[in-house]
Each structure stands twice: as C-alpha cells, then as structure tokens.
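This is protein.cif (mmCIF, C-alpha atoms).
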```cif
data_model
#
loop_
_atom_site.group_PDB
_atom_site.id
_atom_site.type_symbol
_atom_site.label_atom_id
_atom_site.label_comp_id
_atom_site.auth_asym_id
_atom_site.auth_seq_id
_atom_site.Cartn_x
_atom_site.Cartn_y
_atom_site.Cartn_z
ATOM 1 C CA MET A 1 59.592 69.807 41.010
ATOM 2 C CA LYS A 2 60.416 66.126 40.734
ATOM 3 C CA LYS A 3 59.109 63.987 37.911
ATOM 4 C CA LEU A 4 55.877 62.300 38.894
ATOM 5 C CA ARG A 5 55.908 58.569 38.180
ATOM 6 C CA VAL A 6 52.915 57.404 36.140
ATOM 7 C CA VAL A 7 52.305 53.658 35.868
ATOM 8 C CA ALA A 8 49.712 52.355 33.393
ATOM 9 C CA LEU A 9 48.206 48.901 33.813
ATOM 10 C CA ALA A 10 48.369 46.568 30.805
ATOM 11 C CA PHE A 11 46.541 43.249 30.617
ATOM 12 C CA ASP A 12 45.618 40.534 28.155
ATOM 13 C CA ARG A 13 42.936 41.782 25.711
ATOM 14 C CA LEU A 14 44.157 45.316 26.340
ATOM 15 C CA CYS A 15 41.975 48.255 25.204
ATOM 16 C CA THR A 16 44.277 49.641 22.504
ATOM 17 C CA PHE A 17 42.772 53.100 22.028
ATOM 18 C CA GLU A 18 42.516 53.865 25.746
ATOM 19 C CA PHE A 19 46.073 52.639 26.298
ATOM 20 C CA GLY A 20 47.256 54.756 23.352
ATOM 21 C CA CYS A 21 45.694 57.873 24.924
ATOM 22 C CA VAL A 22 47.686 57.271 28.113
ATOM 23 C CA VAL A 23 50.920 56.764 26.161
ATOM 24 C CA GLU A 24 50.299 59.901 24.098
ATOM 25 C CA ILE A 25 49.823 62.073 27.183
ATOM 26 C CA PHE A 26 52.525 60.736 29.494
ATOM 27 C CA ALA A 27 55.157 58.811 27.521
ATOM 28 C CA LEU A 28 56.217 61.313 24.845
ATOM 29 C CA GLU A 29 59.151 63.615 25.441
ATOM 30 C CA ARG A 30 58.045 67.259 25.608
ATOM 31 C CA PRO A 31 61.218 69.390 25.484
ATOM 32 C CA GLU A 32 59.186 72.454 24.497
ATOM 33 C CA LEU A 33 57.617 72.523 27.985
ATOM 34 C CA ASP A 34 59.665 74.035 30.787
ATOM 35 C CA VAL A 35 58.449 71.520 33.388
ATOM 36 C CA PRO A 36 59.714 68.102 34.498
ATOM 37 C CA TRP A 37 57.547 65.753 32.459
ATOM 38 C CA TYR A 38 56.260 62.453 33.794
ATOM 39 C CA ASP A 39 58.301 59.287 34.350
ATOM 40 C CA PHE A 40 56.121 56.769 32.516
ATOM 41 C CA ARG A 41 56.084 52.995 32.986
ATOM 42 C CA VAL A 42 53.830 50.127 31.965
ATOM 43 C CA CYS A 43 53.166 47.211 34.274
ATOM 44 C CA SER A 44 51.574 43.955 33.235
ATOM 45 C CA LEU A 45 48.860 42.065 35.059
ATOM 46 C CA ASP A 46 49.297 38.961 32.869
ATOM 47 C CA PRO A 47 52.335 37.170 31.380
ATOM 48 C CA SER A 48 53.704 38.851 28.235
ATOM 49 C CA PRO A 49 53.141 39.100 25.361
ATOM 50 C CA LEU A 50 49.703 40.598 25.867
ATOM 51 C CA ARG A 51 47.039 40.578 23.172
ATOM 52 C CA ALA A 52 45.567 43.993 22.456
ATOM 53 C CA ALA A 53 42.532 44.945 20.380
ATOM 54 C CA GLY A 54 43.339 44.980 16.667
ATOM 55 C CA GLY A 55 45.725 42.032 16.684
ATOM 56 C CA ILE A 56 48.557 43.914 18.420
ATOM 57 C CA LEU A 57 50.961 42.237 20.839
ATOM 58 C CA VAL A 58 52.316 44.211 23.797
ATOM 59 C CA GLU A 59 55.247 43.313 26.032
ATOM 60 C CA ALA A 60 55.479 45.213 29.323
ATOM 61 C CA GLU A 61 58.779 45.696 31.138
ATOM 62 C CA TYR A 62 57.328 45.695 34.671
ATOM 63 C CA ASP A 63 54.941 43.590 36.763
ATOM 64 C CA LEU A 64 52.543 44.748 39.507
ATOM 65 C CA ASP A 65 55.504 45.624 41.753
ATOM 66 C CA ALA A 66 55.807 48.817 39.673
ATOM 67 C CA LEU A 67 52.685 50.094 41.455
ATOM 68 C CA ILE A 68 54.565 50.224 44.760
ATOM 69 C CA ASP A 69 56.191 53.607 44.081
ATOM 70 C CA ALA A 70 53.774 55.044 41.501
ATOM 71 C CA ASP A 71 52.526 58.599 42.076
ATOM 72 C CA ILE A 72 49.696 58.154 39.556
ATOM 73 C CA ILE A 73 48.162 54.828 38.481
ATOM 74 C CA VAL A 74 46.205 54.785 35.211
ATOM 75 C CA LEU A 75 43.695 52.036 34.417
ATOM 76 C CA PRO A 76 43.006 52.230 30.652
ATOM 77 C CA GLY A 77 39.763 50.269 30.628
ATOM 78 C CA TRP A 78 39.156 46.649 31.577
ATOM 79 C CA ARG A 79 38.696 43.633 29.347
ATOM 80 C CA ASP A 80 35.304 42.506 30.687
ATOM 81 C CA THR A 81 33.054 44.168 33.255
ATOM 82 C CA ASP A 82 31.701 40.710 34.162
ATOM 83 C CA GLU A 83 35.210 39.505 35.096
ATOM 84 C CA PRO A 84 36.135 40.467 38.675
ATOM 85 C CA ALA A 85 39.457 42.215 39.198
ATOM 86 C CA PRO A 86 42.097 39.654 40.268
ATOM 87 C CA ALA A 87 42.875 39.659 43.991
ATOM 88 C CA PRO A 88 46.594 40.553 43.558
ATOM 89 C CA LEU A 89 45.610 43.658 41.578
ATOM 90 C CA CYS A 90 43.014 44.697 44.195
ATOM 91 C CA ASP A 91 45.623 44.277 46.929
ATOM 92 C CA ALA A 92 48.130 46.391 44.981
ATOM 93 C CA LEU A 93 45.568 49.135 44.330
ATOM 94 C CA ARG A 94 44.537 49.259 47.992
ATOM 95 C CA ALA A 95 48.182 49.442 49.105
ATOM 96 C CA ALA A 96 48.863 52.262 46.630
ATOM 97 C CA HIS A 97 45.854 54.195 47.907
ATOM 98 C CA ALA A 98 46.965 53.738 51.523
ATOM 99 C CA ARG A 99 50.296 55.423 50.768
ATOM 100 C CA GLY A 100 48.709 58.349 48.888
ATOM 101 C CA ALA A 101 48.826 57.476 45.173
ATOM 102 C CA ARG A 102 46.383 59.075 42.714
ATOM 103 C CA PHE A 103 44.291 57.098 40.244
ATOM 104 C CA ALA A 104 42.828 57.712 36.786
ATOM 105 C CA SER A 105 40.482 55.210 35.144
ATOM 106 C CA ILE A 106 39.182 55.361 31.591
ATOM 107 C CA CYS A 107 35.789 53.980 30.558
ATOM 108 C CA ASN A 108 35.117 50.660 32.350
ATOM 109 C CA GLY A 109 38.474 50.764 34.162
ATOM 110 C CA VAL A 110 36.423 52.174 37.050
ATOM 111 C CA PHE A 111 35.221 48.615 37.749
ATOM 112 C CA LEU A 112 38.745 47.727 38.937
ATOM 113 C CA LEU A 113 38.698 50.534 41.510
ATOM 114 C CA ALA A 114 35.164 49.585 42.540
ATOM 115 C CA GLU A 115 36.079 45.920 42.950
ATOM 116 C CA ALA A 116 38.996 46.930 45.173
ATOM 117 C CA GLY A 117 36.511 48.767 47.424
ATOM 118 C CA LEU A 118 38.168 52.140 46.895
ATOM 119 C CA LEU A 119 35.107 54.041 45.691
ATOM 120 C CA ASP A 120 32.549 53.301 48.408
ATOM 121 C CA GLY A 121 30.890 56.580 49.398
ATOM 122 C CA ARG A 122 32.599 58.425 46.524
ATOM 123 C CA ARG A 123 31.335 59.909 43.263
ATOM 124 C CA ALA A 124 32.194 58.050 40.046
ATOM 125 C CA THR A 125 31.229 57.708 36.413
ATOM 126 C CA THR A 126 31.782 55.397 33.457
ATOM 127 C CA HIS A 127 30.668 54.982 29.850
ATOM 128 C CA TRP A 128 26.901 55.234 29.533
ATOM 129 C CA ARG A 129 26.748 51.609 28.317
ATOM 130 C CA TYR A 130 28.063 50.363 31.684
ATOM 131 C CA MET A 131 26.266 52.849 33.945
ATOM 132 C CA GLU A 132 23.394 50.615 35.076
ATOM 133 C CA ARG A 133 25.785 47.718 35.684
ATOM 134 C CA LEU A 134 28.023 49.871 37.877
ATOM 135 C CA ILE A 135 25.044 51.182 39.867
ATOM 136 C CA ALA A 136 23.559 47.709 40.412
ATOM 137 C CA ARG A 137 26.816 45.999 41.341
ATOM 138 C CA TYR A 138 28.258 48.678 43.631
ATOM 139 C CA PRO A 139 25.351 50.392 45.433
ATOM 140 C CA HIS A 140 27.651 52.270 47.822
ATOM 141 C CA ILE A 141 29.168 54.307 44.979
ATOM 142 C CA ARG A 142 27.465 57.607 44.075
ATOM 143 C CA VAL A 143 27.401 57.108 40.308
ATOM 144 C CA GLU A 144 26.953 60.322 38.288
ATOM 145 C CA PRO A 145 25.507 59.527 34.861
ATOM 146 C CA ASP A 146 26.109 61.658 31.797
ATOM 147 C CA ARG A 147 29.442 63.112 32.907
ATOM 148 C CA LEU A 148 32.628 63.250 30.825
ATOM 149 C CA TYR A 149 34.708 62.708 33.922
ATOM 150 C CA VAL A 150 34.444 62.905 37.687
ATOM 151 C CA GLU A 151 37.082 63.812 40.256
ATOM 152 C CA ASP A 152 36.681 62.753 43.881
ATOM 153 C CA GLY A 153 39.751 63.125 46.076
ATOM 154 C CA PRO A 154 42.632 61.127 44.547
ATOM 155 C CA PHE A 155 40.343 59.441 41.996
ATOM 156 C CA LEU A 156 39.664 60.614 38.436
ATOM 157 C CA MET A 157 37.240 58.548 36.347
ATOM 158 C CA SER A 158 36.202 59.186 32.750
ATOM 159 C CA ALA A 159 33.291 58.101 30.616
ATOM 160 C CA GLY A 160 33.937 56.752 27.106
ATOM 161 C CA SER A 161 37.346 56.337 25.517
ATOM 162 C CA ALA A 162 37.772 59.838 24.067
ATOM 163 C CA ALA A 163 36.620 61.388 27.353
ATOM 164 C CA GLY A 164 39.765 59.821 28.805
ATOM 165 C CA LEU A 165 41.794 62.433 26.919
ATOM 166 C CA ASP A 166 39.760 65.238 28.527
ATOM 167 C CA MET A 167 40.309 63.680 31.938
ATOM 168 C CA LEU A 168 44.059 63.190 31.420
ATOM 169 C CA LEU A 169 44.410 66.792 30.213
ATOM 170 C CA HIS A 170 42.601 67.861 33.376
ATOM 171 C CA LEU A 171 45.187 65.887 35.359
ATOM 172 C CA VAL A 172 48.039 67.611 33.484
ATOM 173 C CA ARG A 173 46.353 70.978 34.135
ATOM 174 C CA SER A 174 46.179 70.193 37.853
ATOM 175 C CA ASP A 175 49.877 69.230 37.946
ATOM 176 C CA HIS A 176 51.376 71.843 35.615
ATOM 177 C CA GLY A 177 48.814 74.581 34.960
ATOM 178 C CA THR A 178 46.597 75.666 32.083
ATOM 179 C CA ALA A 179 49.376 76.906 29.784
ATOM 180 C CA VAL A 180 51.090 73.499 29.777
ATOM 181 C CA ALA A 181 47.807 71.598 29.342
ATOM 182 C CA ASN A 182 46.842 73.865 26.422
ATOM 183 C CA SER A 183 50.215 73.232 24.783
ATOM 184 C CA VAL A 184 49.682 69.464 25.042
ATOM 185 C CA ALA A 185 46.164 69.855 23.623
ATOM 186 C CA ARG A 186 47.495 71.858 20.654
ATOM 187 C CA ARG A 187 49.980 69.099 19.886
ATOM 188 C CA LEU A 188 47.128 66.597 19.999
ATOM 189 C CA VAL A 189 44.925 68.930 17.908
ATOM 190 C CA ILE A 190 42.042 68.626 20.366
ATOM 191 C CA PRO A 191 40.071 71.232 22.364
ATOM 192 C CA PRO A 192 42.131 72.392 25.357
ATOM 193 C CA HIS A 193 39.349 72.020 27.897
ATOM 194 C CA ARG A 194 36.051 70.185 28.088
ATOM 195 C CA ASP A 195 34.583 70.413 31.534
ATOM 196 C CA GLY A 196 33.738 67.124 33.224
ATOM 197 C CA GLY A 197 30.070 68.026 33.535
ATOM 198 C CA GLN A 198 29.526 68.156 29.772
ATOM 199 C CA ALA A 199 27.064 65.634 28.358
ATOM 200 C CA GLN A 200 28.544 62.304 27.257
ATOM 201 C CA TYR A 201 26.530 62.177 24.074
ATOM 202 C CA VAL A 202 23.748 63.926 22.188
ATOM 203 C CA SER A 203 20.568 61.988 22.935
ATOM 204 C CA GLN A 204 18.869 63.065 19.677
ATOM 205 C CA PRO A 205 20.989 63.893 16.621
ATOM 206 C CA MET A 206 20.490 67.423 15.330
ATOM 207 C CA PRO A 207 19.868 68.110 11.630
ATOM 208 C CA ARG A 208 23.118 68.830 9.862
ATOM 209 C CA HIS A 209 22.283 72.431 8.933
ATOM 210 C CA ASP A 210 21.200 73.192 12.521
ATOM 211 C CA ASN A 211 24.315 71.524 13.872
ATOM 212 C CA ASN A 212 26.541 73.661 11.663
ATOM 213 C CA ARG A 213 24.787 76.872 12.709
ATOM 214 C CA LEU A 214 24.909 75.978 16.378
ATOM 215 C CA ALA A 215 28.565 74.955 16.162
ATOM 216 C CA ALA A 216 29.403 78.305 14.582
ATOM 217 C CA VAL A 217 27.633 80.160 17.407
ATOM 218 C CA ILE A 218 29.407 78.106 20.086
ATOM 219 C CA ASP A 219 32.773 78.764 18.405
ATOM 220 C CA TRP A 220 31.980 82.495 18.285
ATOM 221 C CA LEU A 221 30.754 82.486 21.887
ATOM 222 C CA HIS A 222 33.960 80.799 23.019
ATOM 223 C CA VAL A 223 35.910 83.859 21.783
ATOM 224 C CA HIS A 224 33.352 86.462 22.922
ATOM 225 C CA ALA A 225 32.407 84.900 26.266
ATOM 226 C CA ALA A 226 33.291 88.033 28.265
ATOM 227 C CA GLU A 227 30.682 90.109 26.425
ATOM 228 C CA THR A 228 27.025 90.507 27.445
ATOM 229 C CA HIS A 229 24.668 88.081 25.691
ATOM 230 C CA THR A 230 20.957 87.331 25.591
ATOM 231 C CA VAL A 231 19.240 84.151 24.473
ATOM 232 C CA ASP A 232 17.315 86.098 21.841
ATOM 233 C CA ALA A 233 20.514 87.520 20.326
ATOM 234 C CA LEU A 234 22.279 84.145 20.312
ATOM 235 C CA ALA A 235 19.244 82.436 18.818
ATOM 236 C CA ALA A 236 19.099 85.072 16.065
ATOM 237 C CA ARG A 237 22.800 84.484 15.322
ATOM 238 C CA ALA A 238 22.021 80.764 14.963
ATOM 239 C CA ALA A 239 18.934 81.540 12.849
ATOM 240 C CA MET A 240 16.730 79.649 15.313
ATOM 241 C CA SER A 241 13.838 80.475 17.567
ATOM 242 C CA PRO A 242 14.868 81.005 21.220
ATOM 243 C CA ARG A 243 13.097 77.795 22.260
ATOM 244 C CA THR A 244 14.839 75.714 19.578
ATOM 245 C CA PHE A 245 18.175 77.326 20.387
ATOM 246 C CA LEU A 246 17.858 76.545 24.114
ATOM 247 C CA ARG A 247 16.857 72.942 23.409
ATOM 248 C CA GLN A 248 19.651 72.267 20.920
ATOM 249 C CA PHE A 249 22.298 74.101 22.952
ATOM 250 C CA LYS A 250 21.492 71.930 25.989
ATOM 251 C CA ALA A 251 21.485 68.779 23.855
ATOM 252 C CA ALA A 252 24.906 69.631 22.387
ATOM 253 C CA THR A 253 26.706 70.829 25.528
ATOM 254 C CA GLY A 254 24.787 69.425 28.484
ATOM 255 C CA LYS A 255 24.351 72.982 29.830
ATOM 256 C CA SER A 256 22.117 75.989 29.399
ATOM 257 C CA PRO A 257 23.778 78.957 27.629
ATOM 258 C CA TYR A 258 24.030 80.728 31.012
ATOM 259 C CA ASP A 259 25.789 77.807 32.725
ATOM 260 C CA TRP A 260 28.046 77.291 29.702
ATOM 261 C CA LEU A 261 29.063 80.969 29.728
ATOM 262 C CA ILE A 262 29.801 80.891 33.460
ATOM 263 C CA ALA A 263 31.984 77.799 33.035
ATOM 264 C CA ARG A 264 33.820 79.405 30.098
ATOM 265 C CA ARG A 265 34.404 82.624 32.072
ATOM 266 C CA VAL A 266 35.753 80.646 35.029
ATOM 267 C CA ASP A 267 38.100 78.844 32.642
ATOM 268 C CA MET A 268 39.284 82.217 31.293
ATOM 269 C CA ALA A 269 39.818 83.383 34.874
ATOM 270 C CA ARG A 270 41.942 80.321 35.600
ATOM 271 C CA SER A 271 44.250 81.157 32.711
ATOM 272 C CA LEU A 272 44.594 84.799 33.784
ATOM 273 C CA LEU A 273 45.260 83.802 37.396
ATOM 274 C CA GLU A 274 48.072 81.541 36.238
ATOM 275 C CA GLU A 275 49.583 83.771 33.592
ATOM 276 C CA SER A 276 49.182 87.310 34.972
ATOM 277 C CA THR A 277 49.311 89.407 38.140
ATOM 278 C CA MET A 278 46.117 91.238 37.178
ATOM 279 C CA PRO A 279 44.169 92.415 40.270
ATOM 280 C CA LEU A 280 40.983 90.434 40.922
ATOM 281 C CA ALA A 281 38.695 93.411 40.258
ATOM 282 C CA GLN A 282 40.251 93.951 36.831
ATOM 283 C CA LEU A 283 40.267 90.212 36.141
ATOM 284 C CA ALA A 284 36.561 89.906 36.981
ATOM 285 C CA GLU A 285 35.808 92.649 34.450
ATOM 286 C CA ALA A 286 38.073 91.078 31.835
ATOM 287 C CA VAL A 287 36.252 87.733 31.898
ATOM 288 C CA GLY A 288 32.764 89.252 31.992
ATOM 289 C CA MET A 289 31.965 88.532 35.652
ATOM 290 C CA GLY A 290 31.702 92.200 36.603
ATOM 291 C CA ALA A 291 32.040 92.118 40.367
ATOM 292 C CA VAL A 292 34.783 90.340 42.305
ATOM 293 C CA GLU A 293 32.127 88.755 44.537
ATOM 294 C CA THR A 294 30.513 87.153 41.478
ATOM 295 C CA LEU A 295 33.874 85.827 40.317
ATOM 296 C CA ARG A 296 34.659 84.405 43.763
ATOM 297 C CA HIS A 297 31.238 82.735 44.032
ATOM 298 C CA HIS A 298 31.335 80.950 40.677
ATOM 299 C CA PHE A 299 35.065 80.185 40.820
ATOM 300 C CA ARG A 300 34.774 78.489 44.206
ATOM 301 C CA ARG A 301 31.636 76.635 43.089
ATOM 302 C CA LEU A 302 33.217 75.221 39.916
ATOM 303 C CA VAL A 303 36.899 74.908 40.879
ATOM 304 C CA GLY A 304 36.572 74.205 44.590
ATOM 305 C CA VAL A 305 38.933 76.933 45.839
ATOM 306 C CA SER A 306 38.959 80.737 45.821
ATOM 307 C CA PRO A 307 40.701 82.651 42.994
ATOM 308 C CA ALA A 308 43.391 83.805 45.448
ATOM 309 C CA VAL A 309 44.190 80.257 46.583
ATOM 310 C CA TYR A 310 44.212 79.039 42.974
ATOM 311 C CA ARG A 311 46.694 81.765 42.019
ATOM 312 C CA GLN A 312 48.959 80.831 44.938
ATOM 313 C CA ARG A 313 49.003 77.203 43.830
ATOM 314 C CA PHE A 314 49.418 77.592 40.085
ATOM 315 C CA ALA A 315 50.798 80.989 39.112
ATOM 316 C CA ALA A 316 54.477 80.073 39.565
ATOM 317 C CA VAL A 317 54.043 76.721 37.807
ATOM 318 C CA ALA A 318 52.379 78.229 34.734
#
```
Target encoding structure tokens, full file:
Amino acid sequence: MKKLRVVALAFDRLCTFEFGCVVEIFALERPELDVPWYDFRVCSLDPSPLRAAGGILVEAEYDLDALIDADIIVLPGWRDTDEPAPAPLCDALRAAHARGARFASICNGVFLLAEAGLLDGRRATTHWRYMERLIARYPHIRVEPDRLYVEDGPFLMSAGSAAGLDMLLHLVRSDHGTAVANSVARRLVIPPHRDGGQAQYVSQPMPRHDNNRLAAVIDWLHVHAAETHTVDALAARAAMSPRTFLRQFKAATGKSPYDWLIARRVDMARSLLEESTMPLAQLAEAVGMGAVETLRHHFRRLVGVSPAVYRQRFAAVA
C-alpha cells in the first residue's frame, strides 16, 4: 500500500481544537503500526501567519495547489457560517472531487462543501447549533440531525468538534482496519468506536446517581454483548424500573437497548472478520447473533456489505 496523502485546510481564525484533532490523527509518526501511515500536509487559504483560536499563530507550508494531488481533504471547521466559501477554494474542491478525492469535514466545515455544490442530493450533518442554518440555506442536501457523523460516498461529515475524532477514526478504520483504528484510539485514550448514528447530545441531563448506574451497565454490556439480555434484567442491574431504564438508555446513546446491542455485535463481528478465519456460523454464535442469516442481515444493514465481502477487503490489512 502507498501512503495516502492527507491535506488539511488552514485559514485565518482557524478552529484550533478541530485542527489539532486532524494533526493528532494524521501527522504523528506511528512506528508501532505495521501499515504505511498517512503523508500529511497543511495548505493555507489565506496569507500566513494565520490567527487561530486562543491567540496562536500558524504558518502553513503549502497553498491551495496542495489540494491537486490530495487523496483525502480535511476541512477542520470554518470561521463563520455566514461567510461564503471563497471562489478559489470552491473551484479547488470541485476539481479534487472530479478526480476522485475523499473529503472529511468537522463541525461547520460542511458549509464549505455545501457552498461548492458537492453535497446536493447527498446526506450530511453538522453541529446541532448550525443544523437549521444548513437546512435553510441548502435545501437540496438531505440533512440528518442528531448524528455524530455521516458518510455518503466520498464525503464524511461530523457533528461537533469531538465527534470529528470519531469520524476520523472511522476513516482510519476504513483504510487500515479495526485493529489499527483501535490502536490509535488507545493512544488517544478515547473509545475505539462510536457509531455515527449515536445521539449528538443528551437532551435532558440525567441525575448523577442514575448516570453512574447507567454508565456501569453500559460498560458491562459492552463486554457481555454476546450474551442473552432482557430489558427487565438490565433495568434491575441499573436499579431502575424498565420504563426509566429504556428512557435513560435512549437519551444517553440515541438507541434502544436492542439496537445498541445489534450495533455492538456487528462491531464485534467486524473485528473477528478482520483478525480471524473463523467460519461465519461460528462467528455468528460468538457475537451473539445465533444464525448466519441474522448476522448477514444486520451486518449488511449497518455496514453496507456482506460479512464475506468485508472479510475479503479488510482481513489482510488488519
């Protein structure tokens, strides 16, 4: 495998945290990983030095010409959603898309892709604060509210700043497999996988004692996901009534316990498909799916391909 070239866009009034997430994922040397890591560059939209949030000055080595041969273009936010993307940037983004580049936008960076006309007819998301603005300004985009990140073809778009890390880890997982993505997550000391459909935020804060009990159950369930569970048993473990448990579980994760368990089991199946030659029937049992047909149904629904195709694509890489 060749090194994929990642180019991040920097601009005056740069979003420091979002930019730092991109640097952390792509720019650090990772000798412990037996894969060709990314070739990372920063290009500047404005003359250097650039002002970044927090009083930091940034000087980029490249200009927009760096986008010409980028495999992946990352847009770490945008300085003002009411400021249209400059025409030279829109032209460069359209040219990159025409030759097959991939794109990842964090938070309101999606407005740059939208302004370039690249998202018409596609699914997208952004931070909940900007959701109504995105919907009103670009009616041809199918905006999906309350998502951590959305992937549509060559476009990945995340919600708030921290969700950008989940999205970028998903990108690493797609390029190099689950084992590599998990290793990067461990180094960052963050959860290895939060699915893009998880809720962006908890609409009503939970009492601290309930939150602690629920968190303990979710941590336990993460380890014991392959076992058989009932709502009554999980609610008893959390010391809640079934109705309260269902309500607070959905508020915390954006999913019902059933949907959360299915997603977790599919994630376990992905790891086993990459890291083992276990037959599908045995694998379905190991992750709690039971029948191969059940595994195939949910895997295709959530991942987009069959388990066999996924194994062909990622087993050798992992």
Query raised in the report: Which residues fall under the PyMOL selection byres ((chain A and resi 46) around 9) in this file, as a VMD selection string?
Result: chain A and resid 10 to 12 44 to 45 47 to 50 63
Which residues are near Ala96 in chain A? Cut-off 10 Å, only C-alpha atoms, ignore same chain within fewer than 6 positions. Put them as a tab-separated table (two decimals) with C-alpha atoms, in the frame of the given file.
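Okay, this is what ended up in part.tsv:
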```
chain	number	residue	atom	x	y	z
A	67	LEU	CA	52.68	50.09	41.46
A	68	ILE	CA	54.56	50.22	44.76
A	69	ASP	CA	56.19	53.61	44.08
A	70	ALA	CA	53.77	55.04	41.50
A	71	ASP	CA	52.53	58.60	42.08
A	72	ILE	CA	49.70	58.15	39.56
A	73	ILE	CA	48.16	54.83	38.48
A	90	CYS	CA	43.01	44.70	44.20
A	102	ARG	CA	46.38	59.08	42.71
A	103	PHE	CA	44.29	57.10	40.24
```
Requested in this report: Starting from the shown file, work through the PyMOL selection byres ((chain A and resi 126) around 7) and note down what comes out as a PyMOL selection string.
Outcome: chain A and resi 107-108+110+125+127-128+130-131+157-160
Report task. Please evaluate the PyMOL selection byres ((chain A and resi 275) around 10) against the structure above and give the resulting residues as a ChimeraX atom specification. Result -> /A:177-179,269-274,276-278,311,314-318
Kindly export the residues of the current selection with C-alpha atoms, as a compact mmCIF listing (two decimals), keeping the file's coordinate frame.
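That gives us selection.txt:
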```txt
# COMPACT_ATOMS: atom_id res chain seq x y z
CA GLY A 177 48.81 74.58 34.96
CA THR A 178 46.60 75.67 32.08
CA ALA A 179 49.38 76.91 29.78
CA ALA A 269 39.82 83.38 34.87
CA ARG A 270 41.94 80.32 35.60
CA SER A 271 44.25 81.16 32.71
CA LEU A 272 44.59 84.80 33.78
CA LEU A 273 45.26 83.80 37.40
CA GLU A 274 48.07 81.54 36.24
CA SER A 276 49.18 87.31 34.97
CA THR A 277 49.31 89.41 38.14
CA MET A 278 46.12 91.24 37.18
CA ARG A 311 46.69 81.76 42.02
CA PHE A 314 49.42 77.59 40.08
CA ALA A 315 50.80 80.99 39.11
CA ALA A 316 54.48 80.07 39.56
CA VAL A 317 54.04 76.72 37.81
CA ALA A 318 52.38 78.23 34.73
```
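Pairwise distance (CA of Thr16 in chain A, CA of Val189 in chain A) equals 19.8 Å.
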